[in-house]
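What follows is a set of notes on a single structure, which appears directly below.
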Amino acid sequence: METKSTIECPDCGHVTTETMPVDSCQYFWQCPACETVVKPKDGDCCVYCSYGDTACPPKQ
Ligand SMILES: [Zn+2]
């Protein structure tokens with residue numbers, strides 16, 4: 001199972017590699033660069049499914 005995801009801030013484009021929680025979905029993520037709190041797009045369970053390059057562990 002892949003627990004690292006590279007997530008791109010939809011606001012400023014900052015790219016960060018994060019470790020995802022393995023037993024839950026992360027609904028909120030705060031960009032370390034611009035401090036925007038990012039939420040998933042409609043229909044996605046977590047920010048990694050919307051903006052990351054790897055699906056979240058519950059989906060894997
Ligand atoms: Zn940002």
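Labels for the structure tokens follow display order: chains A, B, ..., residues from 1 in each chain, ligands from 1.
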
Residue neighbourhood stretch 16-24 of chain A, 10 Å, only C-alpha atoms, exclusion window fewer than 6 positions, as an mmCIF file with N, CA and C atoms, in the first residue's frame:
```cif
data_model
loop_
_atom_site.group_PDB
_atom_site.id
_atom_site.type_symbol
_atom_site.label_atom_id
_atom_site.label_comp_id
_atom_site.auth_asym_id
_atom_site.auth_seq_id
_atom_site.Cartn_x
_atom_site.Cartn_y
_atom_site.Cartn_z
ATOM 1 N N MET A 1 0.848 -1.188 0.000
ATOM 2 C CA MET A 1 0.000 0.000 0.000
ATOM 3 C C MET A 1 0.891 1.249 0.000
ATOM 4 N N GLU A 2 0.484 2.177 -0.805
ATOM 5 C CA GLU A 2 1.235 3.435 -0.915
ATOM 6 C C GLU A 2 0.648 4.443 0.071
ATOM 7 N N THR A 3 1.475 4.944 0.995
ATOM 8 C CA THR A 3 0.953 5.896 1.977
ATOM 9 C C THR A 3 1.472 7.315 1.768
ATOM 10 N N LYS A 4 2.386 7.447 0.828
ATOM 11 C CA LYS A 4 2.872 8.792 0.524
ATOM 12 C C LYS A 4 2.135 9.328 -0.698
ATOM 13 N N SER A 5 1.769 10.569 -0.626
ATOM 14 C CA SER A 5 1.107 11.188 -1.764
ATOM 15 C C SER A 5 1.697 12.571 -1.998
ATOM 16 N N THR A 6 1.917 12.887 -3.247
ATOM 17 C CA THR A 6 2.359 14.224 -3.586
ATOM 18 C C THR A 6 1.121 15.043 -3.915
ATOM 19 N N ILE A 7 0.901 16.047 -3.139
ATOM 20 C CA ILE A 7 -0.334 16.830 -3.272
ATOM 21 C C ILE A 7 0.018 18.243 -3.721
ATOM 22 N N GLU A 8 -0.785 18.746 -4.652
ATOM 23 C CA GLU A 8 -0.541 20.080 -5.183
ATOM 24 C C GLU A 8 -1.654 21.010 -4.737
ATOM 25 N N CYS A 9 -1.260 22.108 -4.143
ATOM 26 C CA CYS A 9 -2.231 23.096 -3.678
ATOM 27 C C CYS A 9 -2.960 23.702 -4.879
ATOM 28 N N CYS A 31 -2.305 23.898 3.202
ATOM 29 C CA CYS A 31 -1.101 24.132 2.414
ATOM 30 C C CYS A 31 -0.050 24.822 3.275
ATOM 31 N N PRO A 32 1.168 24.255 3.324
ATOM 32 C CA PRO A 32 2.212 24.871 4.143
ATOM 33 C C PRO A 32 2.745 26.177 3.562
ATOM 34 N N ALA A 33 2.485 26.419 2.293
ATOM 35 C CA ALA A 33 3.015 27.624 1.658
ATOM 36 C C ALA A 33 2.070 28.817 1.823
ATOM 37 N N CYS A 45 -13.572 11.599 -1.620
ATOM 38 C CA CYS A 45 -13.651 11.344 -0.176
ATOM 39 C C CYS A 45 -12.597 12.099 0.604
ATOM 40 N N CYS A 46 -11.516 12.477 -0.065
ATOM 41 C CA CYS A 46 -10.458 13.152 0.686
ATOM 42 C C CYS A 46 -9.619 14.015 -0.250
ATOM 43 N N TYR A 48 -6.562 13.875 -0.926
ATOM 44 C CA TYR A 48 -5.569 13.166 -1.740
ATOM 45 C C TYR A 48 -6.194 12.620 -3.023
ATOM 46 N N GLY A 52 -4.042 14.880 -4.865
ATOM 47 C CA GLY A 52 -2.811 14.111 -4.743
ATOM 48 C C GLY A 52 -2.583 13.239 -5.972
ATOM 49 N N ASP A 53 -1.405 12.633 -6.040
ATOM 50 C CA ASP A 53 -1.106 11.745 -7.165
ATOM 51 C C ASP A 53 -1.353 10.283 -6.804
ATOM 52 N N THR A 54 -1.759 10.010 -5.585
ATOM 53 C CA THR A 54 -2.017 8.643 -5.151
ATOM 54 C C THR A 54 -3.383 8.619 -4.451
ATOM 55 N N ALA A 55 -4.186 7.610 -4.745
ATOM 56 C CA ALA A 55 -5.479 7.480 -4.070
ATOM 57 C C ALA A 55 -5.250 7.158 -2.599
ATOM 58 N N CYS A 56 -6.189 7.561 -1.775
ATOM 59 C CA CYS A 56 -6.011 7.366 -0.336
ATOM 60 C C CYS A 56 -6.058 5.873 0.035
ATOM 61 N N PRO A 57 -5.424 5.502 1.154
ATOM 62 C CA PRO A 57 -5.361 4.091 1.546
ATOM 63 C C PRO A 57 -6.715 3.377 1.623
ATOM 64 N N PRO A 58 -7.782 3.980 2.182
ATOM 65 C CA PRO A 58 -9.077 3.269 2.172
ATOM 66 C C PRO A 58 -9.543 2.903 0.761
ATOM 67 N N LYS A 59 -9.175 3.673 -0.244
ATOM 68 C CA LYS A 59 -9.565 3.361 -1.628
ATOM 69 C C LYS A 59 -8.640 2.324 -2.273
ATOM 70 N N GLN A 60 -7.387 2.282 -1.795
ATOM 71 C CA GLN A 60 -6.474 1.269 -2.290
ATOM 72 C C GLN A 60 -6.839 -0.069 -1.700
#
```

TODO: Find the residues around A:Gln30 up to 10 Å (only C-alpha atoms counted), leave out those fewer than 6 positions away in its own chain, and share them as JSON, numbers by chain.
DONE: {"A": [9, 36, 37, 38, 39]}

Non-local contacts of A:Glu35 (12 Å; only C-alpha atoms; under 5 positions in same chain excluded) as a PDB file with N, CA and C atoms, in the first residue's frame:
```
ATOM      1  N   CYS A   9      -1.260  22.108  -4.143  1.00  0.00           N
ATOM      2  CA  CYS A   9      -2.231  23.096  -3.678  1.00  0.00           C
ATOM      3  C   CYS A   9      -2.960  23.702  -4.879  1.00  0.00           C
ATOM      4  N   PRO A  10      -4.303  23.665  -4.882  1.00  0.00           N
ATOM      5  CA  PRO A  10      -5.054  24.223  -6.009  1.00  0.00           C
ATOM      6  C   PRO A  10      -5.027  25.751  -6.016  1.00  0.00           C
ATOM      7  N   ASP A  11      -4.591  26.317  -4.919  1.00  0.00           N
ATOM      8  CA  ASP A  11      -4.602  27.765  -4.790  1.00  0.00           C
ATOM      9  C   ASP A  11      -3.300  28.390  -5.282  1.00  0.00           C
ATOM     10  N   CYS A  12      -2.164  27.870  -4.796  1.00  0.00           N
ATOM     11  CA  CYS A  12      -0.879  28.493  -5.134  1.00  0.00           C
ATOM     12  C   CYS A  12       0.031  27.581  -5.954  1.00  0.00           C
ATOM     13  N   HIS A  14       1.761  25.032  -4.897  1.00  0.00           N
ATOM     14  CA  HIS A  14       2.852  24.462  -4.105  1.00  0.00           C
ATOM     15  C   HIS A  14       2.683  22.939  -4.015  1.00  0.00           C
ATOM     16  N   PHE A  28      -9.543  17.578   5.297  1.00  0.00           N
ATOM     17  CA  PHE A  28      -8.933  18.899   5.215  1.00  0.00           C
ATOM     18  C   PHE A  28      -7.426  18.775   5.124  1.00  0.00           C
ATOM     19  N   TRP A  29      -6.823  19.659   4.378  1.00  0.00           N
ATOM     20  CA  TRP A  29      -5.370  19.725   4.312  1.00  0.00           C
ATOM     21  C   TRP A  29      -4.980  21.188   4.206  1.00  0.00           C
ATOM     22  N   GLN A  30      -4.029  21.591   5.043  1.00  0.00           N
ATOM     23  CA  GLN A  30      -3.605  22.984   4.992  1.00  0.00           C
ATOM     24  C   GLN A  30      -2.299  23.090   4.231  1.00  0.00           C
TER      25      GLN A  30
END
```

- [ ] Per DSSP on the backbone, filter chain A down to the residues in alpha helix (DSSP H) and report them as a list in words.
- [x]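 Written out, the alpha helix (DSSP H) residues of chain A are Val47, Tyr48, Cys49, Ser50 and Tyr51 of chain A.
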
Task: Residue with smallest distance to ligand 1 - pool A:Tyr27, A:Val15, A:Gly43, A:Cys34, counting only C-alpha atoms and all ligand atoms - done: A:Cys34

Task: DSSP strand (DSSP E or B) residues within chain A, listed as a list in words - done: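 Those in chain A that DSSP calls strand (DSSP E or B) are Lys4, Ser5, Thr6, Ile7, Glu8, Val15, Thr16, Thr17, Glu18, Thr19, Trp29, Gln30, Val37, Val38 and Gly52 of chain A.
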
Could you take the residues named above and write them with N, CA and C atoms, as a compact mmCIF listing (two decimals), in the first residue's frame?
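The resulting selection32.txt:
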```
# COMPACT_ATOMS: atom_id res chain seq x y z
N LYS A 4 2.39 7.45 0.83
CA LYS A 4 2.87 8.79 0.52
C LYS A 4 2.13 9.33 -0.70
N SER A 5 1.77 10.57 -0.63
CA SER A 5 1.11 11.19 -1.76
C SER A 5 1.70 12.57 -2.00
N THR A 6 1.92 12.89 -3.25
CA THR A 6 2.36 14.22 -3.59
C THR A 6 1.12 15.04 -3.92
N ILE A 7 0.90 16.05 -3.14
CA ILE A 7 -0.33 16.83 -3.27
C ILE A 7 0.02 18.24 -3.72
N GLU A 8 -0.79 18.75 -4.65
CA GLU A 8 -0.54 20.08 -5.18
C GLU A 8 -1.65 21.01 -4.74
N VAL A 15 3.78 22.22 -4.23
CA VAL A 15 3.73 20.76 -4.22
C VAL A 15 4.41 20.24 -2.96
N THR A 16 3.73 19.36 -2.25
CA THR A 16 4.25 18.79 -1.01
C THR A 16 4.02 17.29 -1.01
N THR A 17 4.97 16.54 -0.47
CA THR A 17 4.75 15.11 -0.28
C THR A 17 4.32 14.88 1.16
N GLU A 18 3.16 14.24 1.31
CA GLU A 18 2.58 14.03 2.63
C GLU A 18 2.40 12.54 2.87
N THR A 19 2.42 12.14 4.14
CA THR A 19 2.06 10.78 4.50
C THR A 19 0.58 10.75 4.85
N TRP A 29 -6.82 19.66 4.38
CA TRP A 29 -5.37 19.72 4.31
C TRP A 29 -4.98 21.19 4.21
N GLN A 30 -4.03 21.59 5.04
CA GLN A 30 -3.60 22.98 4.99
C GLN A 30 -2.30 23.09 4.23
N VAL A 37 -6.76 26.29 3.59
CA VAL A 37 -7.28 24.98 3.97
C VAL A 37 -8.04 24.41 2.77
N VAL A 38 -7.51 23.29 2.26
CA VAL A 38 -8.03 22.68 1.04
C VAL A 38 -9.03 21.60 1.41
N GLY A 52 -4.04 14.88 -4.86
CA GLY A 52 -2.81 14.11 -4.74
C GLY A 52 -2.58 13.24 -5.97
```
